[in-house]
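*Asks:* Handing you a structure now.
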Amino acid sequence: MWASLFGGQPAAGANPATPAEGDAGQQISSFFNGIGTNVNSFFAGVANPDEKKADNEAASVGNAIGSWFKDVGAEVSGAWAKATTPTPDQDKEQFAYVKHFGEYPPSCLKPVPKKYIEQDLKNELFEDEWEAFQELKTKEITAGFSDRFLMACLFARKLDVARTEEMLAKNKAWREENGYTDLPTWEALNRKMLEEGKFALKIPGCRGKNGEGIIYVKMGAMVPADHEDFTESCVRWTVWNGMHGGLFESIDYFRNGIMMVADLKDMGWHNVDFTVQKRIGSALLDNFPMRTCKILIINPPWILNAFLSGMSLFIKKKVMERIYVLEKPEDLATHIEKESLLTEYGGELEYTVNDWFVFLQEQEAALGNKKSDSSSSSV
């Protein structure tokens, strides 16, 4: 009986495909459709006018179950159809409204993987960007913010000075309301959480093929219950990185936006805590220069659709629309140069959370107790 229900035979009219030939989404969709068809067929034989009422009720329940599986198959098929990932060339067209997207001024040194090359801010900018920055600096709201943070905010608001002023005002208000008037120090961060979990990694100087910054996330390695005060620790990291640690980058990192690689291998509900997403969702991220241009999902789990539905409650629609599912991890090489791609995904780069922490400690040591472009006691 159970073999007939869950044998995973393709539904009528489906086009069976081998893993080497078929699209992964179509295979999953056909699997669920097949279960739905088999469940419906099995319980159709249960209904009999001459039998007891309980049998007919069982048939009705069975048909409902079969229809549910078929609906899941349809949703998977539709989601996969919408998940066709744009190529780097198509990204250029999509982000054509971003001035100088993927470009570098002649005076700017290009980023190098694993390194932060400190430069004069003016040399990193095009003339129109520098003019917008000079205009922003005349505004009273900019007092207390570093130049690099101000420029990052300008990029987040497409060089619109008035909108950047609003963003800075909201940043100050949010920090005052949430106890972050002073930035967290490096010593105050829960580094053990990342050292043990290894679920997030930012590699300085690494770029996508259009110059996007890259952040790697492994949701299957993140277990909120394993870490004390997990949600607030994540918020503290977000604030520190958004206003200080993340500025150890060439300024093109903020011009071109961030590409997130989300590896969901082995992810289950024990890896999900929506209080984190709610706490650092749009209400927080709108106040920091973290412009997401693309989220590439690899190794999608069975809970993907439900997880994304929950995320959509806290994350802006335009960000949700930039989430794409890759058929296999090796497809990342289409979007990221091999020198910036981790070896486990077919690239040439070896880098760990411990390497990242050493880099940050070196930058902190270089700053010492001096006020720098990237930090001050009041930001």
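Residues are named by chain letter and number: chains run A, B, ... in the order of the structure tokens, numbers start at 1 in each chain, and ligands are numbered from 1 in the order shown.
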Would you list the contacts of region 196-199 of chain A as a list in words, taking every protein, DNA or RNA residue within 7 Å and counting only C-alpha atoms, but skipping same-chain residues closer than 2 positions in sequence?
*Replies:*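 That gives Lys192, Met193, Leu194, Leu201, Val217, Lys218, Met219, Ala221, Met222 and Val353 of chain A.
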*Asks:* Name the residues of region 190-356 of chain A that fall into strand (DSSP E or B) according to DSSP on the backbone, using the chain letters and numbers of this document, as a ChimeraX atom specification.
*Replies:* /A:200-208,213-218,258-263,292-298,323-325,336,342,349
*Asks:* If you keep N, CA, C and O atoms, can you produce a file of those selected residues as a short mmCIF file (atom, residue, chain, number, x, y, z; two decimals), in the first residue's frame?
*Replies:*
data_model
loop_
_atom_site.label_atom_id
_atom_site.label_comp_id
_atom_site.auth_asym_id
_atom_site.auth_seq_id
_atom_site.Cartn_x
_atom_site.Cartn_y
_atom_site.Cartn_z
N ALA A 200 28.33 32.35 9.32
CA ALA A 200 28.40 33.59 8.54
C ALA A 200 29.85 33.96 8.30
O ALA A 200 30.69 33.83 9.20
N LEU A 201 30.16 34.41 7.09
CA LEU A 201 31.54 34.73 6.74
C LEU A 201 31.57 35.85 5.71
O LEU A 201 30.94 35.77 4.66
N LYS A 202 32.29 36.91 6.06
CA LYS A 202 32.51 38.01 5.13
C LYS A 202 34.01 38.04 4.79
O LYS A 202 34.84 38.07 5.69
N ILE A 203 34.31 38.02 3.50
CA ILE A 203 35.71 37.98 3.08
C ILE A 203 36.07 39.33 2.45
O ILE A 203 35.53 39.69 1.40
N PRO A 204 36.94 40.11 3.08
CA PRO A 204 37.29 41.43 2.54
C PRO A 204 37.88 41.33 1.14
O PRO A 204 38.61 40.39 0.81
N GLY A 205 37.53 42.29 0.31
CA GLY A 205 38.11 42.38 -1.03
C GLY A 205 37.53 41.42 -2.05
O GLY A 205 37.90 41.50 -3.23
N CYS A 206 36.66 40.51 -1.66
CA CYS A 206 36.07 39.56 -2.62
C CYS A 206 34.87 40.20 -3.31
O CYS A 206 34.08 40.92 -2.69
N ARG A 207 34.74 39.92 -4.61
CA ARG A 207 33.69 40.56 -5.39
C ARG A 207 33.04 39.58 -6.36
O ARG A 207 33.65 38.61 -6.81
N GLY A 208 31.77 39.90 -6.68
CA GLY A 208 31.09 39.21 -7.76
C GLY A 208 31.59 39.77 -9.08
O GLY A 208 32.41 40.69 -9.12
N GLY A 213 29.94 43.05 -3.35
CA GLY A 213 30.55 42.44 -2.19
C GLY A 213 29.90 41.08 -1.94
O GLY A 213 28.79 40.83 -2.41
N ILE A 214 30.58 40.20 -1.21
CA ILE A 214 30.08 38.84 -1.02
C ILE A 214 30.04 38.49 0.46
O ILE A 214 30.99 38.72 1.20
N ILE A 215 28.91 37.94 0.89
CA ILE A 215 28.76 37.40 2.23
C ILE A 215 28.27 35.96 2.10
O ILE A 215 27.32 35.68 1.37
N TYR A 216 28.93 35.05 2.80
CA TYR A 216 28.53 33.64 2.80
C TYR A 216 27.76 33.33 4.09
O TYR A 216 28.18 33.72 5.18
N VAL A 217 26.65 32.63 3.95
CA VAL A 217 25.84 32.24 5.11
C VAL A 217 25.53 30.75 5.00
O VAL A 217 25.15 30.27 3.93
N LYS A 218 25.68 30.03 6.12
CA LYS A 218 25.33 28.61 6.17
C LYS A 218 24.25 28.41 7.24
O LYS A 218 24.53 28.24 8.42
N ILE A 258 25.56 44.18 -2.19
CA ILE A 258 26.02 42.92 -1.62
C ILE A 258 25.33 41.74 -2.28
O ILE A 258 24.11 41.75 -2.51
N MET A 259 26.12 40.72 -2.59
CA MET A 259 25.60 39.44 -3.05
C MET A 259 25.75 38.44 -1.90
O MET A 259 26.85 38.22 -1.41
N MET A 260 24.64 37.88 -1.46
CA MET A 260 24.69 36.90 -0.38
C MET A 260 24.58 35.49 -0.95
O MET A 260 23.68 35.20 -1.73
N VAL A 261 25.50 34.63 -0.55
CA VAL A 261 25.45 33.22 -0.91
C VAL A 261 24.90 32.47 0.29
O VAL A 261 25.55 32.41 1.34
N ALA A 262 23.70 31.93 0.17
CA ALA A 262 23.03 31.25 1.27
C ALA A 262 23.04 29.74 1.02
O ALA A 262 22.29 29.24 0.19
N ASP A 263 23.92 29.05 1.74
CA ASP A 263 24.01 27.59 1.63
C ASP A 263 23.06 27.00 2.67
O ASP A 263 23.29 27.11 3.87
N THR A 292 21.20 45.01 -0.58
CA THR A 292 21.30 43.65 -1.12
C THR A 292 20.88 43.64 -2.58
O THR A 292 19.75 44.01 -2.91
N CYS A 293 21.78 43.21 -3.46
CA CYS A 293 21.44 43.17 -4.89
C CYS A 293 21.05 41.77 -5.34
O CYS A 293 20.37 41.61 -6.35
N LYS A 294 21.45 40.74 -4.59
CA LYS A 294 21.11 39.38 -5.00
C LYS A 294 21.38 38.40 -3.85
O LYS A 294 22.37 38.54 -3.14
N ILE A 295 20.47 37.45 -3.66
CA ILE A 295 20.67 36.36 -2.71
C ILE A 295 20.61 35.06 -3.49
O ILE A 295 19.59 34.74 -4.11
N LEU A 296 21.70 34.33 -3.50
CA LEU A 296 21.80 33.08 -4.25
C LEU A 296 21.70 31.91 -3.28
O LEU A 296 22.55 31.73 -2.42
N ILE A 297 20.65 31.12 -3.41
CA ILE A 297 20.43 29.97 -2.55
C ILE A 297 20.97 28.71 -3.22
O ILE A 297 20.68 28.43 -4.38
N ILE A 298 21.77 27.96 -2.46
CA ILE A 298 22.25 26.67 -2.93
C ILE A 298 21.85 25.60 -1.92
O ILE A 298 21.61 25.89 -0.75
N ILE A 323 15.82 37.00 -4.57
CA ILE A 323 16.26 35.69 -4.10
C ILE A 323 16.15 34.68 -5.23
O ILE A 323 15.10 34.56 -5.88
N TYR A 324 17.24 33.96 -5.49
CA TYR A 324 17.27 33.00 -6.59
C TYR A 324 17.83 31.67 -6.09
O TYR A 324 18.72 31.64 -5.23
N VAL A 325 17.31 30.58 -6.64
CA VAL A 325 17.78 29.24 -6.28
C VAL A 325 18.63 28.68 -7.42
O VAL A 325 18.16 28.60 -8.56
N ILE A 336 30.50 34.63 -9.60
CA ILE A 336 31.63 35.03 -8.77
C ILE A 336 32.93 34.53 -9.41
O ILE A 336 33.01 33.36 -9.80
N LEU A 342 34.89 30.42 -2.66
CA LEU A 342 35.46 29.41 -1.77
C LEU A 342 35.68 28.08 -2.50
O LEU A 342 34.91 27.71 -3.38
N LEU A 349 39.53 30.04 -3.46
CA LEU A 349 39.77 30.80 -2.24
C LEU A 349 39.62 29.94 -0.99
O LEU A 349 38.63 29.24 -0.80
#
*Asks:* Determine the nearest neighbour of Gly211 (chain A) from the options A:Ala169, A:Ile251, A:Leu326, A:Leu189, counting only C-alpha atoms.
*Replies:*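 When distances to Gly211 (chain A) are compared using only C-alpha atoms, the smallest one comes from A:Ile251.
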*Asks:* Under the rule that only C-alpha atoms are counted, which of A:Lys317, A:Lys209, A:Arg191, A:His227 is the nearest residue to Asn354 (chain A)?
*Replies:*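 Of A:Lys317, A:Lys209, A:Arg191, A:His227, the one nearest Asn354 (chain A), counting only C-alpha atoms, is A:Arg191.
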*Asks:* Using CA of Glu140 (chain A) and CA of Asn256 (chain A) as the two end points, give the distance in Å to one decimal.
*Replies:*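 These two atoms are separated by 27.3 Å.
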*Asks:* Under the rule that only C-alpha atoms are counted, which of A:Arg163, A:Arg148, A:Lys338, A:His270 is the nearest residue to Leu247 (chain A)?
*Replies:*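 Distance minimum relative to Leu247 (chain A) lands on A:Arg148.
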*Asks:* Restricting the calculation to only C-alpha atoms: of A:Leu159, A:Cys108, A:Met311, A:Val235, which residue gets closest to Trp130 (chain A)?
*Replies:*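 Closest to Trp130 (chain A), using only C-alpha atoms: A:Leu159.
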*Asks:* So the first atom is CA of Asn299 (chain A) and the second is CA of Glu93 (chain A); what is the distance between them in Å, to one decimal place?
*Replies:* 27.5 Å
*Asks:* Do you know which residues are at most 10 Å from Ile141 (chain A) counting only C-alpha atoms, after dropping those on the same chain fewer than 3 positions away, and could you put them as a ChimeraX atom specification?
*Replies:* /A:136-138,144-145,164-169,172
*Asks:* Kindly save the residues from that selection, with N, CA and C atoms included, as an mmCIF file, in the first residue's frame.
*Replies:*
data_model
loop_
_atom_site.group_PDB
_atom_site.id
_atom_site.type_symbol
_atom_site.label_atom_id
_atom_site.label_comp_id
_atom_site.auth_asym_id
_atom_site.auth_seq_id
_atom_site.Cartn_x
_atom_site.Cartn_y
_atom_site.Cartn_z
ATOM 1 N N LEU A 136 26.506 66.676 0.903
ATOM 2 C CA LEU A 136 26.001 66.036 2.120
ATOM 3 C C LEU A 136 26.752 66.532 3.353
ATOM 4 N N LYS A 137 28.057 66.751 3.209
ATOM 5 C CA LYS A 137 28.871 67.162 4.348
ATOM 6 C C LYS A 137 28.487 68.538 4.897
ATOM 7 N N THR A 138 27.752 69.313 4.121
ATOM 8 C CA THR A 138 27.315 70.632 4.596
ATOM 9 C C THR A 138 26.103 70.525 5.526
ATOM 10 N N GLY A 144 29.357 63.797 13.592
ATOM 11 C CA GLY A 144 29.538 62.599 14.394
ATOM 12 C C GLY A 144 29.637 61.321 13.590
ATOM 13 N N PHE A 145 29.332 61.369 12.287
ATOM 14 C CA PHE A 145 29.453 60.191 11.427
ATOM 15 C C PHE A 145 30.770 60.249 10.651
ATOM 16 N N THR A 164 19.344 60.701 2.001
ATOM 17 C CA THR A 164 20.434 60.269 2.877
ATOM 18 C C THR A 164 20.330 60.958 4.232
ATOM 19 N N GLU A 165 19.939 62.247 4.232
ATOM 20 C CA GLU A 165 19.712 62.945 5.495
ATOM 21 C C GLU A 165 18.648 62.227 6.326
ATOM 22 N N GLU A 166 17.570 61.813 5.672
ATOM 23 C CA GLU A 166 16.500 61.083 6.361
ATOM 24 C C GLU A 166 17.031 59.778 6.952
ATOM 25 N N MET A 167 17.856 59.087 6.189
ATOM 26 C CA MET A 167 18.420 57.824 6.643
ATOM 27 C C MET A 167 19.294 58.032 7.878
ATOM 28 N N LEU A 168 20.107 59.062 7.870
ATOM 29 C CA LEU A 168 20.978 59.348 9.004
ATOM 30 C C LEU A 168 20.172 59.702 10.252
ATOM 31 N N ALA A 169 19.089 60.448 10.057
ATOM 32 C CA ALA A 169 18.232 60.813 11.185
ATOM 33 C C ALA A 169 17.566 59.561 11.774
ATOM 34 N N LYS A 172 20.158 57.537 13.801
ATOM 35 C CA LYS A 172 20.377 58.088 15.134
ATOM 36 C C LYS A 172 19.210 57.760 16.056
#
*Asks:* Have a look at CA of Arg322 (chain A) and CA of Thr87 (chain A) and let me know their distance in Å, one decimal.
*Replies:*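 CA of Thr87 (chain A) lies 12.6 Å from CA of Arg322 (chain A).
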*Asks:* Measuring atom to atom with only C-alpha atoms, identify which of A:Lys278, A:Lys92, A:His335, A:Lys328 is nearest to Gly310 (chain A).
*Replies:*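 Of all the options, A:Lys278 lies closest to Gly310 (chain A).
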